[in-house]
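> Let me give you the structure first, and then I'll get to my questions.
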Amino acid sequence: MIEQATIVCVVCPVSCAVLVEFEGDGIIKTDHNQCKLALDYVTDELFDPRRTLTTSLPVDGGKAPLVSVKTAQGLPKDDVLSAMQSLSGIHVTAPVHIGDVIVEDVLGTGIHLVATRNVEAA
Amino acid sequence: MTNIRQVDVAVIGGGPAGMAAAAAARDAGAGSVVLIERDSELGGVLNQCIHDGFGTKIFKEALTGPEYAAIYAERVREGGIELLMETTVLELTEERILTVLSENGMESIEAGAVVLAMGCRERPRGAIGIPGSRPAGVYTAGAVQNYMNLRNLAVGRKVMILGSGDIGLIMARRLTLEGAEVVGVAEILPYPSGLARNVVQCLEDFNIPLHLNTTVSEIHGTERVEGVTLAKISGMDAIPGTEWHVDCDTLMLSVGLIPENELSRQAGVEIDPVTAGPIVDDAFQTHSPGVFACGNVLQVHDIVDYATMEAEIAGTSAAAYIAEGTLPDADIKITAGDGLRYVLPSQVSGLDAVNFTMRVTKPDQDRAIVFSSGGKVIRKLKQQALSPASMARVRLGKARFSNTREIHVEVAD
C-alpha cells in the first residue's frame with residue numbers, strides 16, 4: 001500500500017515541509033524539498049527516527065546535587081519516554097566524570113548512558 | 001581605598017565568551033590575565049543547558065552545554081590566568097579601574113585592557129506587561145532550566161509557555177520528560193522564534209500544541225497560578241472575542257534576552273540601541289579604547305560556537321592593545337539596509353578578513369545578502385532561507401576592503 005507523510009526537514013533553516021510517498025520501507029518519491037539533503041533526513045525520520053536523550057540524575061555525596069547525562073548515541077524515538085522512566089530512582093555516587101558510563105545498555109538497545117559533567121566528591 | 005592592583009587584561013564574566021577571551025589573551029602573550037566570575041563555577045549558562053547541539057561548528061559534533069564548557073574551563077586552567085570566582089564587579093570606570101567584591105572583601109584592579117563578557121538576562125514578566133493578578137508560578141525559561149537541571153527542583157505540574165524562543169522549546173521537552181504536562185506554547189508572531197529542529201524535536205515529538213499569533217491576555221490565580229486566558233492577536237493587540245481559557249499552575253516565559261550592559265554604560269561605552277550591546281569594530285574594540293566586548297553582552301547568539309569565535313578575536317585584540325598601546329583605526333563604515341536589523345561589526349580596519357554577523361527582520365526565501373560599496377556590489381551571497389531565529393554570518397576577504405570607505409549590506413533579490 002502506498003502511503004503519504006509530511007516531514008519537516010531540519011537539516012537547514014529552510015525547513016522544507018517534505019511530502020513523502022512510500023511503500024513498506026522504501027521511499028517512492030519526495031516533493032516540496034528544495035535539495036537532496038532532505039532525502040537522508042526524511043528516510044531516517046520515516047523508518048528509524050532517533051533522538052539523543054539528555055537528562056540529569058541525583059548524585060550522592062557530591063559537590064552538586066545533580067549530574068547531567070546523555071545517551072552516547074541516538075535512541076529510537078519511541079523509546080525515549082520509556083528510557084526516561086527506566087532511569088527513575090537511579091542515584092549516582094560522586095565523584096563522577098564526563099564520559100563515565102552511568103547505565104549500560106539502556107532498555108536493551110546496546111546504547112550506554114554517560115555523564116556529561118564532572119561532579120567531585122563533597 | 002586599598003592599593004590598586006595592576007593587570008594587563010581583565011575579563012568580566014566566566015561564561016563561554018569570557019573563558020575563550022581569557023585563554024586567547026593569554027595565548028597571544030598578555031602577561032597577566034584576570035578572569036572574574038560571580039558564580040562558583042566557570043561555564044555560565046552552559047552549565048544548565050544539558051541538552052546537546054553545542055560545538056557543531058568548532059568541534060563538528062553535538063556536545064551538551066556542560067561538555068562544551070568543560071573544554072574551555074580546562075584551557076583556562078592550563079595556567080597564566082588568575083581566576084577570581086564568586087566575585088562581582090561592582091564598578092567599572094572609564095579609566096578601566098574595576099571595583100570587585102568577594103568573600104575577601106573589596107578590591108580595586110586597574111586593567112590595561114578590559115574584555116566585557118557579562119552575557120545577557122531574560123526579559124521578565126514586567127517587561128512585557130501581561131495583565132492579571134500576581135500569583136506564584138510565573139517563571140522565565142532560564143530560571144526553570146536552572147531549578148530543574150542544577151538544583152533538582154520542580155516548578156509545577158501543568159505548564160503553559162509564552163514565547164517560542166529556543167530555551168522555551170528546549171524546556172517544553174525537559175518538563176515533559178520530567179513528568180510535567182506542557183499544555184501548549186503561545187507565540188505572538190506568525191512564525192516560531194526558535195529553530196525548526198527544536199519545534200520538531202521538542203514540541204511535535206511530544207504532541208505539544210504551538211499557537212501562533214497568540215498571546216496570554218490575562219493571568220488568573222491569587223496565591224498560585226490557576227490558569228491563563230489566551231487570545232489571538234492582530235499586530236500587538238488581542239482580538240476581542242477570540243479568548244479562551246487554559247488551566248495551568250505555571251506560566252513559563254521565553255520572550256527574549258537582553259544583553260547585560262550596566263557596567264559597560266557605567267564605563268561610558270557606547271551602546272547600539274538595536275543590538276542593546278556595545279558598538280564594536282572588527283577587533284571587537286568598543287568606542288572606548290582598550291575596552292572590548294564579545295558573546296551575548298555584545299549581541300544575542302543562537303549558536304555558542306560563534307560567541308566563542310568572536311571572543312577569541314576580542315581576547316587576542318586585548319593582548320595586542322597591551323603590546324602596541326593602540327590598535328589600527330577602523331575607519332571603514334558598515335551600514336545595515338533593507339531587510340536587516342543590524343550588521344556587526346559596524347566599523348572595520350580593512351587589514352584582515354572579517355566575519356560579519358547579522359539578523360534579518362523577517363523570514364524570507366530565495367533572497368541574497370548583498371554587500372556593496374559606492375553602488376557597486378562587492379559580494380552577493382544567495383540564501384535559500386533567511387530567518388530572524390538564525391544569525392547569518394558572512395565572511396569578507398581582506399581584498400574586498402581595498403579602496404572603500406563605506407560598505408552597505410542589505411537583503412535583496
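Residues in the C-alpha cells are named by chain (A, B, ... in the order shown) and by number from 1 within that chain; ligands are numbered from 1 in the order shown.
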When you look at Val59 of chain A with a cut-off of 7 Å (counting only C-alpha atoms), what residues show up, excluding the ones that are within fewer than 2 positions of it in the same chain? I need them as a CSV table (one decimal) with N, CA, C and O atoms, in the first residue's frame.


```csv
chain,number,residue,atom,x,y,z
A,57,LEU,N,20.6,13.2,36.7
A,57,LEU,CA,20.3,12.2,37.8
A,57,LEU,C,20.9,12.7,39.1
A,57,LEU,O,21.9,13.4,39.1
A,61,GLY,N,26.6,12.4,47.8
A,61,GLY,CA,28.0,12.8,48.2
A,61,GLY,C,28.8,13.6,47.3
A,61,GLY,O,30.0,13.6,47.3
A,62,GLY,N,28.1,14.4,46.5
A,62,GLY,CA,28.8,15.3,45.5
A,62,GLY,C,28.7,16.7,45.9
A,62,GLY,O,27.9,17.2,46.7
A,65,PRO,N,24.1,18.7,43.4
A,65,PRO,CA,23.0,17.7,43.7
A,65,PRO,C,22.7,16.8,42.5
A,65,PRO,O,22.1,15.7,42.6
A,66,LEU,N,23.1,17.2,41.3
A,66,LEU,CA,22.7,16.5,40.0
A,66,LEU,C,23.9,16.4,39.1
A,66,LEU,O,24.8,17.2,39.1
A,67,VAL,N,23.9,15.3,38.3
A,67,VAL,CA,24.8,15.2,37.3
A,67,VAL,C,24.1,15.1,36.0
A,67,VAL,O,23.0,14.3,35.9
A,91,HIS,N,20.5,6.6,41.4
A,91,HIS,CA,21.3,7.6,42.0
A,91,HIS,C,22.8,7.3,41.6
A,91,HIS,O,23.1,6.2,41.4
A,92,VAL,N,23.6,8.4,41.5
A,92,VAL,CA,25.0,8.2,41.1
A,92,VAL,C,25.8,8.6,42.3
A,92,VAL,O,25.4,9.5,43.1
A,93,THR,N,26.9,7.9,42.6
A,93,THR,CA,27.8,8.3,43.7
A,93,THR,C,29.0,9.1,43.2
A,93,THR,O,29.6,8.7,42.2
A,94,ALA,N,29.2,10.2,43.8
A,94,ALA,CA,30.3,11.1,43.5
A,94,ALA,C,31.6,10.4,43.9
A,94,ALA,O,31.6,9.6,44.9
```

> Please extract the residues of chain A with a backbone DSSP assignment of helix (DSSP H, G or I) and present them as a VMD selection string.

chain A and resid 37 to 47 77 to 86 106 to 108

> Write out as a ChimeraX atom specification the residues lying within 8 Å of Gln266 of chain B, counting only C-alpha atoms and excluding same-chain residues fewer than 5 positions away.

/B:91-94

> Keeping only N, CA and C atoms, write the selected residues to a file as an mmCIF file, in the first residue's frame.


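File written: out.cif
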```cif
data_model
loop_
_atom_site.group_PDB
_atom_site.id
_atom_site.type_symbol
_atom_site.label_atom_id
_atom_site.label_comp_id
_atom_site.auth_asym_id
_atom_site.auth_seq_id
_atom_site.Cartn_x
_atom_site.Cartn_y
_atom_site.Cartn_z
ATOM 1 N N GLU B 91 31.885 48.040 39.964
ATOM 2 C CA GLU B 91 32.057 49.274 39.207
ATOM 3 C C GLU B 91 33.176 49.129 38.183
ATOM 4 N N LEU B 92 32.960 49.763 37.034
ATOM 5 C CA LEU B 92 33.998 49.845 36.018
ATOM 6 C C LEU B 92 34.061 51.306 35.583
ATOM 7 N N THR B 93 35.245 51.902 35.694
ATOM 8 C CA THR B 93 35.354 53.323 35.335
ATOM 9 C C THR B 93 35.907 53.482 33.922
ATOM 10 N N GLU B 94 35.812 54.703 33.413
ATOM 11 C CA GLU B 94 36.350 54.985 32.078
ATOM 12 C C GLU B 94 37.856 54.766 32.034
#
```

> Using only C-alpha atoms and a cut-off of 6 Å, which residues of chain A sit close to chain B? Please list them as JSON, numbers by chain.

{"A": [10, 14, 54, 116, 117]}

> With N, CA and C atoms retained, could you export that selection as an mmCIF file, in the first residue's frame?


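Output (again.cif):
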```cif
data_model
loop_
_atom_site.group_PDB
_atom_site.id
_atom_site.type_symbol
_atom_site.label_atom_id
_atom_site.label_comp_id
_atom_site.auth_asym_id
_atom_site.auth_seq_id
_atom_site.Cartn_x
_atom_site.Cartn_y
_atom_site.Cartn_z
ATOM 1 N N VAL A 10 14.872 19.259 9.071
ATOM 2 C CA VAL A 10 15.533 20.216 9.967
ATOM 3 C C VAL A 10 17.031 20.326 9.675
ATOM 4 N N VAL A 14 15.916 26.352 6.008
ATOM 5 C CA VAL A 14 14.806 26.418 5.045
ATOM 6 C C VAL A 14 13.592 25.674 5.597
ATOM 7 N N THR A 54 18.842 13.521 26.742
ATOM 8 C CA THR A 54 19.680 14.193 27.747
ATOM 9 C C THR A 54 18.800 14.459 28.959
ATOM 10 N N THR A 116 27.779 13.851 31.507
ATOM 11 C CA THR A 116 28.234 14.975 30.679
ATOM 12 C C THR A 116 28.784 16.120 31.522
ATOM 13 N N ARG A 117 28.918 15.917 32.840
ATOM 14 C CA ARG A 117 29.633 16.922 33.623
ATOM 15 C C ARG A 117 30.397 16.233 34.749
#
```

> Using only C-alpha atoms, find the one residue out of B:Ala368, B:Leu253, B:Ala22, B:Val300 that sits nearest to Cys120 of chain B.

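Closest to Cys120 of chain B of all the choices is B:Val300.
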
> Atom CA of Val7 of chain B and atom CA of Ala113 of chain B are how many Å apart?

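According to the coordinates, atom CA of Val7 of chain B and atom CA of Ala113 of chain B are separated by 8.4 Å.
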
> Would you pick out the contacts of segment 19-22 of chain A at 10 Å or less, using only C-alpha atoms, so that residues sharing its chain but fewer than 5 positions from it are not included, and give the list as a JSON list (two decimals) with C-alpha atoms, in the first residue's frame?


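So around.json came out as:
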```
[["chain", "number", "residue", "atom", "x", "y", "z"],
["A", 1, "MET", "CA", 0.00, 0.00, 0.00],
["A", 2, "ILE", "CA", 1.35, 3.41, -0.94],
["A", 3, "GLU", "CA", 1.30, 5.86, 1.96],
["A", 4, "GLN", "CA", 1.97, 9.59, 2.30],
["A", 5, "ALA", "CA", 3.52, 11.65, 5.08],
["A", 6, "THR", "CA", 4.70, 15.22, 5.56],
["A", 7, "ILE", "CA", 8.01, 15.59, 7.37],
["A", 8, "VAL", "CA", 9.65, 18.91, 8.19],
["A", 27, "ILE", "CA", 10.57, 5.87, -0.47],
["A", 28, "ILE", "CA", 8.86, 6.20, -3.84],
["A", 29, "LYS", "CA", 9.20, 9.95, -4.19],
["A", 30, "THR", "CA", 9.54, 13.21, -2.29],
["A", 31, "ASP", "CA", 8.07, 16.58, -3.10],
["A", 32, "HIS", "CA", 8.41, 20.16, -1.77],
["A", 33, "ASN", "CA", 12.06, 19.65, -0.77],
["A", 39, "LEU", "CA", 16.34, 12.60, 1.36],
["A", 42, "VAL", "CA", 13.42, 12.02, 5.65],
["A", 43, "THR", "CA", 14.48, 8.37, 5.22],
["A", 46, "LEU", "CA", 10.41, 7.89, 8.46]]
```

> So, counting only C-alpha atoms, which residue among A:Tyr41, A:Gly110, A:Gln34, A:Gly89 is closest to Thr71 of chain A?

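Nearest to Thr71 of chain A: A:Gly110.
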
> Which of these, B:Thr326, B:Thr361, B:Ser349, B:Gln299, has the shortest distance to Arg405 of chain B once you count only C-alpha atoms?

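Closest to Arg405 of chain B of all the choices is B:Ser349.
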
> Looking at A:Ser88, A:Gln73, A:Ser82, A:Ser68, which one is nearest to Thr55 of chain A, with distances taken over only C-alpha atoms?

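Looking only at the distances to Thr55 of chain A, the closest residue turns out to be A:Ser68.
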
> Do you have the atom CA of Thr335 of chain B-atom CA of Ser373 of chain B distance handy?

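Interatomic distance here is 10.4 Å.
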
> If you count only C-alpha atoms, which residues fall within 8 Å of Leu53 of chain A, apart from same-chain ones fewer than 3 positions away, as a ChimeraX atom specification?

/A:70-71,74-75,80

> For the residues in the current selection, export N, CA and C atoms as a short mmCIF file (atom, residue, chain, number, x, y, z; two decimals), in the first residue's frame.


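To be explicit, this is the file written out as again_36.cif:
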```cif
data_model
loop_
_atom_site.label_atom_id
_atom_site.label_comp_id
_atom_site.auth_asym_id
_atom_site.auth_seq_id
_atom_site.Cartn_x
_atom_site.Cartn_y
_atom_site.Cartn_z
N LYS A 70 23.73 11.82 29.09
CA LYS A 70 23.15 11.69 27.74
C LYS A 70 23.32 10.26 27.27
N THR A 71 22.50 9.87 26.31
CA THR A 71 22.75 8.58 25.67
C THR A 71 23.89 8.80 24.68
N GLY A 74 21.94 8.04 19.50
CA GLY A 74 20.51 8.30 19.48
C GLY A 74 19.72 7.04 19.81
N LEU A 75 18.70 7.21 20.65
CA LEU A 75 17.78 6.10 20.94
C LEU A 75 16.68 6.12 19.90
N VAL A 80 12.15 6.90 23.92
CA VAL A 80 12.65 7.99 24.76
C VAL A 80 11.91 8.06 26.10
#
```

> Using only C-alpha atoms, which protein or nucleic acid residues come within 10 Å of Val155 of chain B? Drop anything in the same chain fewer than 2 positions from it, and give the result as a PyMOL selection string.

chain B and resi 137-139+143-145+147-148+152-153+157-159+175+180+249-252

> Residues of the last selection are to be written out with N, CA, C and O atoms, as a JSON list (two decimals), in the first residue's frame.


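Contents of selection-v5.json, as written:
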```json
[["chain", "number", "residue", "atom", "x", "y", "z"],
["B", 137, "GLY", "N", 4.25, 31.16, 40.50],
["B", 137, "GLY", "CA", 4.13, 30.21, 39.39],
["B", 137, "GLY", "C", 4.42, 30.82, 38.03],
["B", 137, "GLY", "O", 4.22, 30.18, 37.01],
["B", 138, "VAL", "N", 4.90, 32.08, 38.00],
["B", 138, "VAL", "CA", 5.32, 32.68, 36.73],
["B", 138, "VAL", "C", 6.85, 32.72, 36.72],
["B", 138, "VAL", "O", 7.46, 33.33, 37.60],
["B", 139, "TYR", "N", 7.44, 32.00, 35.78],
["B", 139, "TYR", "CA", 8.91, 31.89, 35.74],
["B", 139, "TYR", "C", 9.41, 32.21, 34.34],
["B", 139, "TYR", "O", 8.70, 32.00, 33.36],
["B", 143, "ALA", "N", 15.16, 30.41, 34.30],
["B", 143, "ALA", "CA", 15.03, 30.14, 35.74],
["B", 143, "ALA", "C", 14.55, 28.71, 35.94],
["B", 143, "ALA", "O", 15.08, 27.97, 36.78],
["B", 144, "VAL", "N", 13.57, 28.29, 35.13],
["B", 144, "VAL", "CA", 13.07, 26.91, 35.22],
["B", 144, "VAL", "C", 14.21, 25.93, 34.91],
["B", 144, "VAL", "O", 14.40, 24.92, 35.60],
["B", 145, "GLN", "N", 14.99, 26.26, 33.89],
["B", 145, "GLN", "CA", 16.12, 25.41, 33.49],
["B", 145, "GLN", "C", 17.13, 25.29, 34.64],
["B", 145, "GLN", "O", 17.62, 24.19, 34.93],
["B", 147, "TYR", "N", 16.53, 25.71, 37.92],
["B", 147, "TYR", "CA", 15.93, 24.93, 39.01],
["B", 147, "TYR", "C", 15.95, 23.43, 38.69],
["B", 147, "TYR", "O", 16.33, 22.61, 39.52],
["B", 148, "MET", "N", 15.52, 23.07, 37.49],
["B", 148, "MET", "CA", 15.39, 21.65, 37.15],
["B", 148, "MET", "C", 16.73, 20.97, 36.95],
["B", 148, "MET", "O", 16.97, 19.88, 37.45],
["B", 152, "ASN", "N", 17.55, 20.33, 40.99],
["B", 152, "ASN", "CA", 16.61, 19.23, 41.19],
["B", 152, "ASN", "C", 15.29, 19.71, 41.80],
["B", 152, "ASN", "O", 14.72, 19.05, 42.66],
["B", 153, "LEU", "N", 14.81, 20.88, 41.36],
["B", 153, "LEU", "CA", 13.54, 21.41, 41.85],
["B", 153, "LEU", "C", 12.52, 21.42, 40.71],
["B", 153, "LEU", "O", 12.83, 21.81, 39.59],
["B", 157, "ARG", "N", 3.23, 21.38, 37.75],
["B", 157, "ARG", "CA", 2.78, 20.13, 37.13],
["B", 157, "ARG", "C", 2.12, 20.35, 35.78],
["B", 157, "ARG", "O", 2.10, 19.48, 34.93],
["B", 158, "LYS", "N", 1.53, 21.53, 35.61],
["B", 158, "LYS", "CA", 0.80, 21.80, 34.38],
["B", 158, "LYS", "C", 1.25, 23.17, 33.88],
["B", 158, "LYS", "O", 0.95, 24.19, 34.49],
["B", 159, "VAL", "N", 1.98, 23.18, 32.78],
["B", 159, "VAL", "CA", 2.72, 24.38, 32.40],
["B", 159, "VAL", "C", 2.26, 24.93, 31.06],
["B", 159, "VAL", "O", 2.17, 24.18, 30.07],
["B", 175, "LEU", "N", 10.52, 19.61, 30.62],
["B", 175, "LEU", "CA", 9.42, 19.50, 31.57],
["B", 175, "LEU", "C", 8.62, 18.22, 31.31],
["B", 175, "LEU", "O", 8.24, 17.50, 32.24],
["B", 180, "ALA", "N", 6.03, 16.65, 33.95],
["B", 180, "ALA", "CA", 5.04, 17.72, 33.95],
["B", 180, "ALA", "C", 4.25, 17.66, 32.64],
["B", 180, "ALA", "O", 4.70, 17.08, 31.66],
["B", 249, "ASP", "N", -0.84, 25.49, 36.34],
["B", 249, "ASP", "CA", -0.36, 26.02, 37.62],
["B", 249, "ASP", "C", 0.93, 26.80, 37.45],
["B", 249, "ASP", "O", 1.50, 27.32, 38.40],
["B", 250, "THR", "N", 1.42, 26.83, 36.20],
["B", 250, "THR", "CA", 2.69, 27.50, 35.93],
["B", 250, "THR", "C", 2.62, 28.18, 34.56],
["B", 250, "THR", "O", 2.10, 27.59, 33.61],
["B", 251, "LEU", "N", 3.14, 29.40, 34.50],
["B", 251, "LEU", "CA", 3.32, 30.08, 33.21],
["B", 251, "LEU", "C", 4.82, 30.32, 33.05],
["B", 251, "LEU", "O", 5.46, 30.93, 33.90],
["B", 252, "MET", "N", 5.37, 29.77, 31.97],
["B", 252, "MET", "CA", 6.81, 29.94, 31.73],
["B", 252, "MET", "C", 7.01, 30.90, 30.56],
["B", 252, "MET", "O", 6.39, 30.74, 29.51]]
```

> Which residues are near Ala25 of chain B? Cut-off 8 Å, only C-alpha atoms, ignore same chain within fewer than 2 positions. Put them as a ChimeraX atom specification.

/B:9,21-23,27-30,33,312,315-319

> Just list as a ChimeraX atom specification whatever in chain A DSSP marks as strand (DSSP E).

/A:3-8,17-23,26-31,50-51,54-60,66-71,75-76,92-93,101-103,113-115

> Which residue gives the smallest distance to Glu262 of chain B among B:Ile332, B:Ala412, B:Leu116, B:Ala73, with only C-alpha atoms counted?

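Once distances to Glu262 of chain B are computed over only C-alpha atoms, the minimum belongs to B:Leu116.
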
> What is the distance between atom CA of Ile322 of chain B and atom CA of Val114 of chain B, in Å to one decimal?

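About the pair atom CA of Ile322 of chain B and atom CA of Val114 of chain B: they are 10.3 Å apart.
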